[in-house]
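With mmCIF, C-alpha atoms inside, this is data30.cif:
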data_work
#
loop_
_atom_site.label_atom_id
_atom_site.label_comp_id
_atom_site.auth_asym_id
_atom_site.auth_seq_id
_atom_site.Cartn_x
_atom_site.Cartn_y
_atom_site.Cartn_z
CA ARG A 1 -13.65 -17.81 63.30
CA SER A 2 -14.46 -17.91 59.60
CA THR A 3 -15.71 -20.68 57.38
CA GLN A 4 -16.05 -20.89 53.62
CA GLY A 5 -18.21 -23.11 51.47
CA ARG A 6 -19.92 -23.28 48.12
CA SER A 7 -23.68 -23.61 47.81
CA SER A 8 -23.52 -24.32 44.05
CA ALA A 9 -21.21 -24.01 41.06
CA ALA A 10 -22.36 -20.43 40.55
CA SER A 11 -22.45 -19.28 44.16
CA ASP A 12 -19.95 -18.61 46.92
CA VAL A 13 -20.88 -18.14 50.56
CA TYR A 14 -18.53 -16.71 53.16
CA LYS A 15 -19.40 -16.68 56.86
CA ARG A 16 -17.69 -15.04 59.80
CA GLN A 17 -18.76 -15.06 63.42
CA VAL A 18 -17.25 -13.14 66.33
CA ARG A 19 -18.35 -13.53 69.92
CA ALA A 20 -16.88 -12.04 73.09
CA TRP A 21 -17.93 -12.24 76.72
CA ALA A 22 -16.53 -10.71 79.90
CA GLY A 23 -17.78 -10.61 83.46
CA LEU A 24 -17.13 -10.15 87.14
CA GLN A 25 -18.19 -12.36 90.05
CA GLY A 26 -18.10 -11.84 93.77
CA THR A 27 -19.84 -12.14 97.11
CA ALA A 28 -21.74 -9.70 99.33
CA PHE A 29 -23.23 -9.47 102.80
CA ASP A 30 -20.41 -11.32 104.54
CA GLY A 31 -20.20 -13.89 101.76
CA ASP A 32 -23.81 -15.05 102.10
CA TRP A 33 -24.84 -13.74 98.67
CA ASP A 34 -23.24 -14.29 95.26
CA TRP A 35 -23.33 -11.73 92.47
CA ASP A 36 -22.41 -11.78 88.80
CA VAL A 37 -22.27 -9.02 86.17
CA SER A 38 -21.34 -9.69 82.54
CA VAL A 39 -21.37 -8.09 79.11
CA GLY A 40 -21.46 -9.87 75.76
CA TYR A 41 -21.20 -9.02 72.10
CA GLY A 42 -21.68 -11.17 69.03
CA LYS A 43 -21.71 -10.49 65.30
CA PHE A 44 -22.43 -12.82 62.43
CA HIS A 45 -21.66 -11.84 58.83
CA GLN A 46 -22.66 -13.84 55.78
CA LYS A 47 -21.59 -12.70 52.33
CA GLN A 48 -23.05 -14.46 49.34
CA TYR A 49 -21.95 -14.04 45.74
CA ARG A 50 -23.96 -15.14 42.72
CA ASN A 51 -21.42 -15.21 39.91
CA ASN A 52 -21.98 -14.95 36.15
CA GLU A 53 -25.63 -13.95 36.18
CA ILE A 54 -27.11 -12.35 33.07
CA ASP A 55 -28.51 -8.85 33.53
CA VAL A 56 -31.77 -9.08 31.58
CA PHE A 57 -32.10 -5.30 31.37
CA LYS A 58 -28.66 -4.91 29.80
CA ALA A 59 -29.25 -7.91 27.54
CA LYS A 60 -32.44 -6.26 26.28
CA ASN A 61 -30.53 -3.06 25.46
CA ALA A 62 -27.74 -5.05 23.81
CA LEU A 63 -30.19 -6.93 21.56
CA GLN A 64 -31.89 -3.72 20.43
CA ALA A 65 -29.10 -2.73 18.05
CA GLU A 66 -28.91 -0.67 14.86
CA ARG A 67 -26.50 -0.43 11.94
CA LEU A 68 -25.22 3.02 11.00
CA GLU A 69 -24.47 4.17 7.42
CA ASP A 70 -20.78 3.51 7.89
CA GLY A 71 -21.57 -0.10 8.92
CA THR A 72 -21.05 0.43 12.64
CA ILE A 73 -23.43 -1.52 14.85
CA GLN A 74 -24.47 0.15 18.08
CA CYS A 75 -27.16 -0.09 20.76
CA LYS A 76 -30.20 2.00 19.89
CA ASP A 77 -30.76 3.41 23.35
CA GLU A 78 -28.62 6.50 23.92
CA ALA A 79 -28.57 6.11 27.73
CA ALA A 80 -27.48 2.47 27.33
CA ARG A 81 -24.65 3.53 24.99
CA ALA A 82 -23.51 6.07 27.58
CA ASP A 83 -23.46 3.21 30.10
CA GLY A 84 -21.13 1.18 27.87
CA CYS A 85 -23.70 -0.94 26.02
CA VAL A 86 -22.16 -3.47 23.62
CA PRO A 87 -24.45 -4.88 20.87
CA LEU A 88 -25.09 -8.58 21.41
CA ASN A 89 -24.98 -11.22 18.67
CA LEU A 90 -26.52 -14.54 19.74
CA PHE A 91 -26.10 -16.41 16.45
CA GLY A 92 -23.16 -18.66 15.69
CA VAL A 93 -20.47 -20.42 17.67
CA GLY A 94 -18.20 -17.86 19.36
CA SER A 95 -20.42 -14.98 18.31
CA ILE A 96 -20.52 -13.60 21.86
CA THR A 97 -17.26 -11.75 22.36
CA PRO A 98 -15.64 -11.16 25.76
CA GLU A 99 -16.78 -7.53 25.56
CA MET A 100 -20.39 -8.58 24.99
CA ALA A 101 -20.23 -11.07 27.87
CA ASP A 102 -18.68 -8.51 30.22
CA TYR A 103 -21.46 -6.02 29.48
CA ILE A 104 -24.38 -8.37 30.25
CA ARG A 105 -22.61 -10.18 33.10
CA VAL A 106 -23.49 -9.27 36.68
CA ASN A 107 -22.19 -10.70 39.98
CA PRO A 108 -24.79 -9.79 42.60
CA THR A 109 -23.73 -9.76 46.24
CA LEU A 110 -25.77 -10.08 49.40
CA ASN A 111 -24.33 -9.15 52.80
CA VAL A 112 -26.28 -10.02 55.94
CA TYR A 113 -25.19 -8.81 59.38
CA ASN A 114 -26.66 -9.96 62.71
CA GLU A 115 -25.49 -8.35 65.95
CA GLN A 116 -26.36 -8.81 69.58
CA ALA A 117 -25.14 -6.81 72.56
CA THR A 118 -26.09 -7.72 76.13
CA ILE A 119 -25.40 -6.67 79.68
CA MET A 120 -26.80 -8.68 82.55
CA GLY A 121 -26.35 -9.26 86.24
CA TYR A 122 -27.86 -11.04 89.20
CA ILE A 123 -27.50 -11.49 92.93
CA ALA A 124 -28.50 -14.74 94.65
CA GLY A 125 -28.78 -15.83 98.27
CA ASP A 126 -31.09 -16.83 101.11
CA LEU A 127 -33.60 -14.05 101.77
CA PHE A 128 -34.96 -15.30 105.11
CA GLU A 129 -35.60 -18.46 107.11
CA MET A 130 -38.78 -20.52 107.24
CA PRO A 131 -39.45 -23.45 109.58
CA ALA A 132 -38.59 -25.88 106.77
CA GLY A 133 -35.44 -24.04 105.72
CA PRO A 134 -34.11 -20.88 104.04
CA VAL A 135 -35.86 -19.13 101.14
CA ALA A 136 -33.42 -19.21 98.22
CA THR A 137 -33.81 -16.22 95.90
CA ALA A 138 -32.24 -14.57 92.88
CA PHE A 139 -32.76 -11.04 91.51
CA GLY A 140 -31.38 -9.73 88.27
CA PHE A 141 -31.55 -7.55 85.20
CA GLU A 142 -30.70 -7.82 81.52
CA TYR A 143 -30.47 -5.36 78.64
CA ARG A 144 -30.28 -6.75 75.13
CA LYS A 145 -30.13 -5.19 71.68
CA ASP A 146 -30.56 -7.27 68.52
CA SER A 147 -29.94 -5.74 65.12
CA GLN A 148 -30.03 -7.03 61.58
CA GLU A 149 -28.96 -5.47 58.29
CA ALA A 150 -29.15 -6.68 54.72
CA VAL A 151 -26.91 -4.87 52.24
CA THR A 152 -27.64 -5.58 48.58
CA ASP A 153 -26.60 -4.24 45.22
CA ASP A 154 -28.73 -2.94 42.33
CA ALA A 155 -29.17 -6.38 40.77
CA LEU A 156 -30.82 -7.74 43.90
CA THR A 157 -32.78 -4.56 44.59
CA TYR A 158 -34.23 -3.97 41.12
CA GLY A 159 -34.15 -7.45 39.57
CA GLY A 160 -33.27 -8.62 36.08
CA ILE A 161 -31.49 -11.79 37.28
CA THR A 162 -32.52 -15.31 38.31
CA TRP A 163 -32.25 -14.50 42.03
CA ASN A 164 -35.34 -13.20 43.82
CA LEU A 165 -35.57 -9.51 44.68
CA ILE A 166 -33.95 -8.80 48.06
CA PRO A 167 -34.23 -5.14 49.08
CA ALA A 168 -31.82 -3.68 51.61
CA PHE A 169 -33.09 -3.04 55.11
CA LYS A 170 -31.88 -2.39 58.62
CA GLY A 171 -33.65 -2.71 61.96
CA ASP A 172 -33.04 -3.29 65.64
CA ILE A 173 -34.98 -4.21 68.77
CA SER A 174 -33.98 -3.37 72.35
CA VAL A 175 -35.38 -4.83 75.55
CA ALA A 176 -34.75 -4.13 79.23
CA GLU A 177 -35.68 -6.87 81.69
CA ILE A 178 -35.77 -7.44 85.43
CA PHE A 179 -36.47 -10.78 87.08
CA ALA A 180 -36.86 -12.47 90.44
CA GLU A 181 -36.90 -16.14 91.46
CA ALA A 182 -37.64 -17.74 94.81
CA SER A 183 -37.92 -21.23 96.30
CA PHE A 184 -40.06 -21.48 99.45
CA PRO A 185 -39.51 -24.64 101.55
CA LEU A 186 -42.93 -25.64 102.91
CA LEU A 187 -42.19 -28.96 104.61
CA SER A 188 -39.08 -30.91 105.49
CA ASP A 189 -38.61 -34.35 107.07
CA ALA A 190 -42.34 -34.75 107.76
CA PRO A 191 -44.42 -37.96 107.49
CA GLY A 192 -44.65 -38.82 103.80
CA VAL A 193 -42.59 -35.76 102.88
CA LYS A 194 -38.83 -35.57 102.76
CA HIS A 195 -38.99 -32.12 101.18
CA LEU A 196 -41.75 -29.95 99.70
CA SER A 197 -41.05 -26.57 98.13
CA LEU A 198 -42.89 -23.94 96.13
CA GLU A 199 -40.99 -22.50 93.14
CA THR A 200 -41.89 -19.05 91.76
CA SER A 201 -40.43 -16.65 89.24
CA LEU A 202 -41.39 -13.37 87.58
CA ARG A 203 -39.84 -11.51 84.66
CA LEU A 204 -40.79 -8.06 83.34
CA ALA A 205 -39.56 -7.11 79.87
CA ASP A 206 -39.94 -3.68 78.29
CA TYR A 207 -39.50 -3.67 74.48
CA ASP A 208 -38.96 -0.56 72.39
CA LEU A 209 -41.67 -1.79 69.99
CA SER A 210 -44.87 0.26 70.22
CA ALA A 211 -47.06 -2.80 69.65
CA VAL A 212 -45.32 -4.78 72.40
CA GLY A 213 -44.18 -2.52 75.24
CA LEU A 214 -44.12 -4.09 78.71
CA VAL A 215 -44.78 -7.84 78.92
CA THR A 216 -44.82 -10.20 81.90
CA SER A 217 -43.72 -13.82 82.20
CA SER A 218 -44.23 -15.90 85.33
CA LYS A 219 -43.99 -19.41 86.75
CA VAL A 220 -45.38 -21.26 89.74
CA GLY A 221 -44.35 -24.82 90.51
CA PHE A 222 -43.73 -27.38 93.21
CA LEU A 223 -41.18 -30.06 94.03
CA TRP A 224 -42.22 -32.87 96.34
CA SER A 225 -39.64 -35.41 97.41
CA VAL A 226 -41.53 -38.24 99.09
CA ASN A 227 -38.31 -40.04 99.95
CA ASP A 228 -34.92 -40.78 98.41
CA GLU A 229 -36.61 -42.82 95.66
CA LEU A 230 -39.80 -41.00 94.62
CA ASN A 231 -40.23 -37.37 93.51
CA PHE A 232 -43.19 -35.43 92.11
CA ARG A 233 -43.04 -32.07 90.31
CA GLY A 234 -45.33 -29.66 88.54
CA ASN A 235 -45.15 -26.26 86.84
CA TRP A 236 -47.56 -23.74 85.45
CA ALA A 237 -45.94 -20.99 83.40
CA VAL A 238 -46.91 -18.05 81.22
CA ALA A 239 -44.26 -16.87 78.75
CA GLN A 240 -44.06 -14.17 76.11
CA ARG A 241 -42.09 -14.03 72.86
CA ALA A 242 -41.72 -10.74 71.05
CA PRO A 243 -41.40 -10.69 67.23
CA THR A 244 -37.91 -10.72 65.76
CA VAL A 245 -36.18 -8.00 63.78
CA ASN A 246 -36.99 -9.87 60.59
CA ASP A 247 -40.64 -10.28 61.59
CA ILE A 248 -40.99 -6.54 62.06
CA PHE A 249 -38.70 -4.81 59.58
CA GLU A 250 -38.25 -7.10 56.56
CA PRO A 251 -39.43 -5.31 53.39
CA ALA A 252 -41.12 -7.22 50.58
CA ALA A 253 -38.62 -9.82 49.36
CA GLY A 254 -39.26 -11.74 46.16
CA ASP A 255 -40.55 -15.29 46.39
CA PHE A 256 -42.79 -17.70 44.51
CA ASP A 257 -45.56 -19.85 45.94
CA SER A 258 -47.69 -21.59 43.34
CA SER A 259 -51.46 -21.48 43.82
CA ASP A 260 -54.63 -21.57 41.78
CA ASP A 261 -56.57 -18.37 41.24
CA ILE A 262 -59.88 -18.62 43.09
CA CYS A 263 -61.40 -16.76 40.15
CA ASP A 264 -60.44 -19.46 37.66
CA ASN A 265 -63.42 -20.42 35.42
CA VAL A 266 -65.44 -17.40 36.53
CA SER A 267 -68.21 -16.59 34.06
CA ALA A 268 -71.37 -14.55 34.10
CA THR A 269 -73.25 -17.44 35.73
CA SER A 270 -70.60 -19.52 37.56
CA THR A 271 -71.36 -20.48 41.17
CA GLY A 272 -67.91 -21.40 42.51
CA ILE A 273 -66.63 -20.28 45.91
CA GLY A 274 -65.86 -16.56 45.79
CA HIS A 275 -67.09 -16.13 42.21
CA ASP A 276 -69.63 -13.44 43.15
CA ASN A 277 -66.80 -11.20 44.34
CA CYS A 278 -64.52 -12.26 41.48
CA ARG A 279 -67.07 -10.76 39.10
CA LEU A 280 -66.51 -7.43 40.87
CA GLU A 281 -62.88 -7.32 39.74
CA PRO A 282 -62.79 -4.50 37.14
CA ALA A 283 -60.93 -6.47 34.43
CA ILE A 284 -63.10 -9.56 34.83
CA ALA A 285 -66.28 -7.50 35.02
CA ALA A 286 -65.32 -5.66 31.83
CA ALA A 287 -64.58 -8.91 29.98
CA ILE A 288 -67.94 -10.40 31.00
CA ALA A 289 -69.77 -7.20 30.00
CA ASN A 290 -68.07 -7.31 26.60
CA ASP A 291 -68.73 -11.04 26.03
CA ALA A 292 -71.49 -12.85 27.90
CA SER A 293 -69.83 -16.19 27.13
CA PHE A 294 -66.46 -15.13 28.59
CA VAL A 295 -64.78 -17.60 30.98
CA PHE A 296 -61.77 -16.39 32.95
CA GLU A 297 -58.71 -18.67 32.75
CA ASP A 298 -56.01 -18.57 35.44
CA ASP A 299 -52.48 -17.81 34.21
CA ASN A 300 -50.77 -16.45 37.33
CA SER A 301 -47.02 -16.77 37.93
CA GLY A 302 -47.23 -17.58 41.65
CA TYR A 303 -45.17 -14.52 42.56
CA SER A 304 -45.72 -13.93 46.29
CA PRO A 305 -43.14 -11.79 48.09
CA ASN A 306 -42.77 -12.05 51.87
CA ALA A 307 -42.82 -9.05 54.18
CA GLY A 308 -42.67 -8.23 57.86
CA ASN A 309 -45.27 -6.28 59.76
CA PRO A 310 -44.50 -3.37 62.14
CA GLU A 311 -47.87 -3.93 63.87
CA LEU A 312 -46.92 -7.36 65.22
CA PHE A 313 -47.15 -7.89 68.96
CA GLU A 314 -45.94 -10.59 71.35
CA GLU A 315 -46.91 -14.26 71.33
CA LYS A 316 -48.23 -15.67 74.60
CA GLY A 317 -47.66 -19.25 75.72
CA THR A 318 -49.16 -21.12 78.66
CA THR A 319 -47.55 -24.37 79.79
CA LEU A 320 -48.64 -26.99 82.33
CA THR A 321 -46.32 -29.87 83.23
CA ILE A 322 -46.81 -32.60 85.84
CA GLY A 323 -44.30 -35.37 86.36
CA ALA A 324 -42.69 -37.92 88.60
CA SER A 325 -39.34 -39.70 88.84
CA TYR A 326 -38.50 -42.99 90.56
CA GLN A 327 -35.12 -44.47 91.49
CA PRO A 328 -35.74 -47.70 93.42
CA SER A 329 -33.13 -48.68 95.97
CA TYR A 330 -33.63 -52.38 95.17
CA LEU A 331 -32.50 -51.85 91.57
CA GLU A 332 -29.33 -49.78 91.67
CA GLY A 333 -28.62 -47.73 88.55
CA PHE A 334 -32.25 -47.78 87.34
CA SER A 335 -34.43 -44.67 87.00
CA ILE A 336 -37.68 -43.76 85.28
CA ALA A 337 -39.28 -40.35 84.72
CA VAL A 338 -42.80 -39.66 83.42
CA ASP A 339 -44.05 -36.19 82.45
CA TYR A 340 -47.34 -34.92 81.08
CA TYR A 341 -47.29 -31.59 79.23
CA ASP A 342 -49.96 -29.28 77.88
CA ILE A 343 -48.78 -26.25 75.87
CA TYR A 344 -50.99 -23.55 74.38
CA ILE A 345 -49.71 -20.58 72.35
CA GLU A 346 -51.95 -17.76 71.21
CA ASP A 347 -51.26 -14.91 68.77
CA ALA A 348 -48.33 -16.80 67.26
CA VAL A 349 -46.63 -15.02 64.37
CA SER A 350 -47.41 -16.66 61.04
CA SER A 351 -48.63 -15.87 57.55
CA PHE A 352 -51.45 -16.98 55.32
CA GLY A 353 -50.73 -18.95 52.17
CA ASN A 354 -51.88 -17.73 48.76
CA ASP A 355 -54.99 -19.91 48.71
CA GLU A 356 -55.94 -18.75 52.20
CA ILE A 357 -55.40 -15.07 51.34
CA GLN A 358 -57.67 -15.40 48.31
CA GLU A 359 -60.35 -17.12 50.36
CA GLN A 360 -60.15 -14.40 53.03
CA CYS A 361 -60.61 -11.78 50.31
CA TYR A 362 -63.21 -13.31 48.00
CA ALA A 363 -65.08 -15.84 50.17
CA SER A 364 -65.18 -14.42 53.71
CA SER A 365 -67.80 -12.49 55.67
CA VAL A 366 -65.74 -9.30 55.36
CA THR A 367 -66.86 -6.91 52.64
CA PHE A 368 -64.91 -7.34 49.41
CA GLY A 369 -62.64 -4.47 48.42
CA GLY A 370 -60.82 -1.75 50.29
CA GLU A 371 -62.36 -2.64 53.67
CA ASN A 372 -60.79 -6.10 53.45
CA GLU A 373 -57.03 -6.01 54.15
CA PHE A 374 -56.56 -9.34 52.39
CA CYS A 375 -57.80 -7.84 49.13
CA ASP A 376 -55.19 -5.10 49.47
CA VAL A 377 -52.32 -7.59 49.14
CA ILE A 378 -53.61 -9.09 45.86
CA THR A 379 -52.51 -7.24 42.72
CA ARG A 380 -54.03 -8.00 39.31
CA ASP A 381 -53.04 -6.76 35.85
CA ALA A 382 -55.21 -5.22 33.14
CA GLU A 383 -56.44 -8.65 32.09
CA GLY A 384 -57.37 -9.70 35.64
CA GLN A 385 -54.43 -12.07 36.10
CA ILE A 386 -52.80 -12.12 39.53
CA GLU A 387 -49.45 -10.36 39.35
CA GLU A 388 -48.58 -10.61 43.02
CA ILE A 389 -49.89 -11.84 46.37
CA MET A 390 -48.09 -10.30 49.32
CA GLN A 391 -47.54 -12.72 52.22
CA ARG A 392 -47.24 -10.57 55.32
CA SER A 393 -46.73 -11.76 58.90
CA TYR A 394 -49.62 -11.52 61.39
CA ASN A 395 -50.46 -12.66 64.93
CA ILE A 396 -52.87 -15.31 63.68
CA ASP A 397 -51.86 -18.74 64.93
CA GLU A 398 -53.19 -20.63 67.91
CA LEU A 399 -51.06 -23.68 68.69
CA SER A 400 -51.86 -26.47 71.12
CA SER A 401 -49.85 -29.54 72.03
CA ARG A 402 -50.42 -32.26 74.67
CA GLY A 403 -48.40 -35.37 75.29
CA VAL A 404 -46.50 -37.70 77.59
CA ASP A 405 -42.72 -38.11 77.84
CA ILE A 406 -41.16 -41.19 79.42
CA ALA A 407 -37.43 -41.58 80.04
CA VAL A 408 -35.95 -44.85 81.30
CA ALA A 409 -32.27 -45.28 82.12
CA TYR A 410 -30.21 -48.14 83.50
CA ARG A 411 -26.52 -48.27 84.33
CA TYR A 412 -24.69 -51.44 85.36
CA ASP A 413 -21.13 -51.41 86.63
CA LEU A 414 -18.98 -54.30 85.31
CA ASN A 415 -16.13 -53.35 87.65
CA GLU A 416 -12.81 -53.61 85.80
CA TYR A 417 -14.64 -54.35 82.53
CA GLY A 418 -16.35 -50.99 82.36
CA THR A 419 -19.98 -49.89 82.50
CA VAL A 420 -23.09 -50.80 80.52
CA LYS A 421 -25.60 -47.99 79.92
CA PHE A 422 -29.11 -48.20 78.52
CA LYS A 423 -31.47 -45.28 77.87
CA LEU A 424 -34.90 -45.11 76.29
CA ASP A 425 -36.84 -41.92 75.50
CA TRP A 426 -40.48 -42.41 74.53
CA THR A 427 -42.88 -39.64 73.53
CA HIS A 428 -46.58 -40.07 72.93
CA LEU A 429 -48.25 -37.05 71.31
CA LEU A 430 -51.88 -36.91 72.42
CA GLU A 431 -52.78 -33.87 70.35
CA HIS A 432 -51.16 -31.19 68.25
CA SER A 433 -53.35 -28.61 66.58
CA SER A 434 -52.91 -25.25 64.89
CA THR A 435 -55.62 -22.76 64.05
CA LYS A 436 -55.26 -19.66 61.92
CA THR A 437 -57.77 -17.04 62.99
CA GLY A 438 -59.53 -14.68 60.63
CA ALA A 439 -62.86 -14.19 58.89
CA VAL A 440 -62.26 -17.74 57.69
CA SER A 441 -60.46 -19.99 60.20
CA TYR A 442 -58.27 -22.99 59.39
CA THR A 443 -57.55 -25.80 61.85
CA HIS A 444 -55.01 -28.58 61.41
CA LEU A 445 -55.07 -31.46 63.89
CA ARG A 446 -52.51 -34.19 64.47
CA ALA A 447 -53.11 -36.70 67.23
CA HIS A 448 -51.84 -39.92 68.79
CA GLU A 449 -48.30 -40.08 67.48
CA THR A 450 -45.54 -42.02 69.17
CA SER A 451 -41.78 -41.70 68.84
CA LEU A 452 -39.11 -43.89 70.39
CA HIS A 453 -35.41 -43.21 70.82
CA LEU A 454 -32.85 -45.66 72.17
#

Could you write out this structure as structure tokens?
Amino acid sequence: RSTQGRSSAASDVYKRQVRAWAGLQGTAFDGDWDWDVSVGYGKFHQKQYRNNEIDVFKAKNALQAERLEDGTIQCKDEAARADGCVPLNLFGVGSITPEMADYIRVNPTLNVYNEQATIMGYIAGDLFEMPAGPVATAFGFEYRKDSQEAVTDDALTYGGITWNLIPAFKGDISVAEIFAEASFPLLSDAPGVKHLSLETSLRLADYDLSAVGLVTSSKVGFLWSVNDELNFRGNWAVAQRAPTVNDIFEPAAGDFDSSDDICDNVSATSTGIGHDNCRLEPAIAAAIANDASFVFEDDNSGYSPNAGNPELFEEKGTTLTIGASYQPSYLEGFSIAVDYYDIYIEDAVSSFGNDEIQEQCYASSVTFGGENEFCDVITRDAEGQIEEIMQRSYNIDELSSRGVDIAVAYRYDLNEYGTVKFKLDWTHLLEHSSTKTGAVSYTHLRAHETSLHL
């Protein structure tokens, strides 16, 4: 299926997505076990045109023109003339001829391809009998390969247009997984217990990323049915999430993120945060040595390209949930469910902002200079102005979230007049915090928020 749309008057975006799936199902062991094997393939292609851009490099060549003795006007640069350079006249209505416009015009194109291929299978059945009932199990495997490719032209790779630089890249990640799940019935039809079971699962995933390798995810939980009306449940789970293709392989792509230079107003005697290390910057140090009254003034452009990081490893999340549901027999059609959740994620993939990168470089406990990786991503020109701050992905975030979810539903049958339904979802966030780890740590806390949905 393909769709077409326009993102602006100067841009066209074309999208195409293809997805196919095939599988086989059957039974084994005298029909007591079910099995399923399937393969899938999907590909998404987005092609984006940016029409009628001006190539600044060609415009510069076209404006640097000379008049020959015979009156001919030509571009001064010999290589530009060999490339078809047409001298550009900017003055006067209609002064830009079609030939001039064609020479400086560029229509950059970006093609992005995302592919996924999978093969998976499982077998499920009762493994053995316990006094309270059979142990239901499932065993399976999955192989998955995700790939991404960005194909760009020279205008996007080398610049000279209003679009950001987008270099071409290609990468893929493969993972092989095996898993097992089991439900152990512990009690059945006992005093105060209609049914009590222990739920367990385990998944092993082997990634072809050297920083990830083999990771384990697991879950232990219980389901306690007191009677036909009241149920309790709980789960404790550990999950892993490997970085994406983009997280790992994306080269530096142009972007802008405005920020103030931490070295702004640095002088020979200033005492601002990080100023001691700012005075160690060669250009600033030279200016102060030349003029004792010198005060550095920030004039940075905010250019801060984004880039992936091949050293990224997996995120790890731990989740605890405890809940109950109630469907009273005396109020037919009514139900209420209450759940408490506590989620903690460590080593989450994120990036530092420009202000944070500067603070990590100039105002942290790590030695300023080559030993500090945050200083390596800051580039300054001959006058000390920041030319670029590279924002690279790292495993730096710690995320925590606790809250309560309540769902209330009521359904009333009006017989031949239909049915009336009412549903309310209420969430109360007890705490949500994020901490970026490093020589300088940053914590953001949000607490006691409530949302209601009818």

- Query: Can you tell me, as a PyMOL selection string, what residues are no more than 10 Å from region 132-135 of chain A when counting only C-alpha atoms, ignoring any on the same chain fewer than 5 positions away?
  - Reply: chain A and resi 125-127+182-190+195-198

Would you kindly translate the PyMOL selection byres ((chain A and resi 298-307) around 12) into the concrete residues it picks from this file, as a short mmCIF file (atom, residue, chain, number, x, y, z; two decimals) with C-alpha atoms, in the coordinates of the input?
data_model
loop_
_atom_site.label_atom_id
_atom_site.label_comp_id
_atom_site.auth_asym_id
_atom_site.auth_seq_id
_atom_site.Cartn_x
_atom_site.Cartn_y
_atom_site.Cartn_z
CA ASN A 164 -35.34 -13.20 43.82
CA LEU A 165 -35.57 -9.51 44.68
CA ILE A 166 -33.95 -8.80 48.06
CA PRO A 167 -34.23 -5.14 49.08
CA PHE A 169 -33.09 -3.04 55.11
CA VAL A 245 -36.18 -8.00 63.78
CA ASN A 246 -36.99 -9.87 60.59
CA ASP A 247 -40.64 -10.28 61.59
CA ILE A 248 -40.99 -6.54 62.06
CA PHE A 249 -38.70 -4.81 59.58
CA GLU A 250 -38.25 -7.10 56.56
CA PRO A 251 -39.43 -5.31 53.39
CA ALA A 252 -41.12 -7.22 50.58
CA ALA A 253 -38.62 -9.82 49.36
CA GLY A 254 -39.26 -11.74 46.16
CA ASP A 255 -40.55 -15.29 46.39
CA PHE A 256 -42.79 -17.70 44.51
CA ASP A 257 -45.56 -19.85 45.94
CA SER A 258 -47.69 -21.59 43.34
CA SER A 259 -51.46 -21.48 43.82
CA ASP A 260 -54.63 -21.57 41.78
CA ASP A 261 -56.57 -18.37 41.24
CA ILE A 262 -59.88 -18.62 43.09
CA CYS A 263 -61.40 -16.76 40.15
CA ASP A 264 -60.44 -19.46 37.66
CA ASN A 265 -63.42 -20.42 35.42
CA VAL A 266 -65.44 -17.40 36.53
CA ILE A 284 -63.10 -9.56 34.83
CA VAL A 295 -64.78 -17.60 30.98
CA PHE A 296 -61.77 -16.39 32.95
CA GLU A 297 -58.71 -18.67 32.75
CA GLY A 308 -42.67 -8.23 57.86
CA ASN A 309 -45.27 -6.28 59.76
CA PRO A 310 -44.50 -3.37 62.14
CA LEU A 312 -46.92 -7.36 65.22
CA SER A 350 -47.41 -16.66 61.04
CA SER A 351 -48.63 -15.87 57.55
CA PHE A 352 -51.45 -16.98 55.32
CA GLY A 353 -50.73 -18.95 52.17
CA ASN A 354 -51.88 -17.73 48.76
CA ASP A 355 -54.99 -19.91 48.71
CA ILE A 357 -55.40 -15.07 51.34
CA VAL A 377 -52.32 -7.59 49.14
CA ILE A 378 -53.61 -9.09 45.86
CA THR A 379 -52.51 -7.24 42.72
CA ARG A 380 -54.03 -8.00 39.31
CA ASP A 381 -53.04 -6.76 35.85
CA GLU A 383 -56.44 -8.65 32.09
CA GLY A 384 -57.37 -9.70 35.64
CA GLN A 385 -54.43 -12.07 36.10
CA ILE A 386 -52.80 -12.12 39.53
CA GLU A 387 -49.45 -10.36 39.35
CA GLU A 388 -48.58 -10.61 43.02
CA ILE A 389 -49.89 -11.84 46.37
CA MET A 390 -48.09 -10.30 49.32
CA GLN A 391 -47.54 -12.72 52.22
CA ARG A 392 -47.24 -10.57 55.32
CA SER A 393 -46.73 -11.76 58.90
CA TYR A 394 -49.62 -11.52 61.39
#

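Considering only C-alpha atoms, the residue among A:Phe128, A:Thr435, A:Phe232, A:Thr427 positioned nearest to Asp32 (chain A) is A:Phe128.
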
- Message: What would the selection look like, as a PyMOL selection string, if the PyMOL selection byres ((chain A and resi 329-342) around 12) were run on the coordinates I just shared?
- Response: chain A and resi 227-237+317-328+343-345+399-413+419-433

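All protein and nucleic acid residues in the vicinity of (-16.4, -11.7, 41.4), that is within 10 Å when counting only C-alpha atoms, are Asp12, Tyr49, Arg50, Asn51, Asn52, Val106, Asn107, Pro108 and Thr109 of chain A.
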
- Pairwise distance, CA of Ala268 (chain A) with CA of Ser365 (chain A), equals 22.0 Å

- Task: Identify which of the residues A:Ala348, A:Val238, A:Ala80, A:Cys278 lies closest to Gln64 (chain A), counting only C-alpha atoms when measuring atom-to-atom distances.
- Result: A:Ala80

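Closest to Asp83 (chain A) among A:Leu68, A:Ala62, A:Ala101, A:Ala239 is A:Ala62, based on only C-alpha atoms.
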
- Distance query 6 Å from (-54.7, -17.0, 67.5) using all atoms listed in the file, result as a VMD selection string: chain A and resid 346 to 347 396 to 398 437

- Task: With a distance cut-off of 12 Å and all atoms listed in the file, select the neighbouring residues of Leu90 (chain A), excluding the residue or stretch itself and same-chain residues fewer than 3 positions from it, and output the selection as a PyMOL selection string.
- Result: chain A and resi 59+62-63+87+93-97+100-101
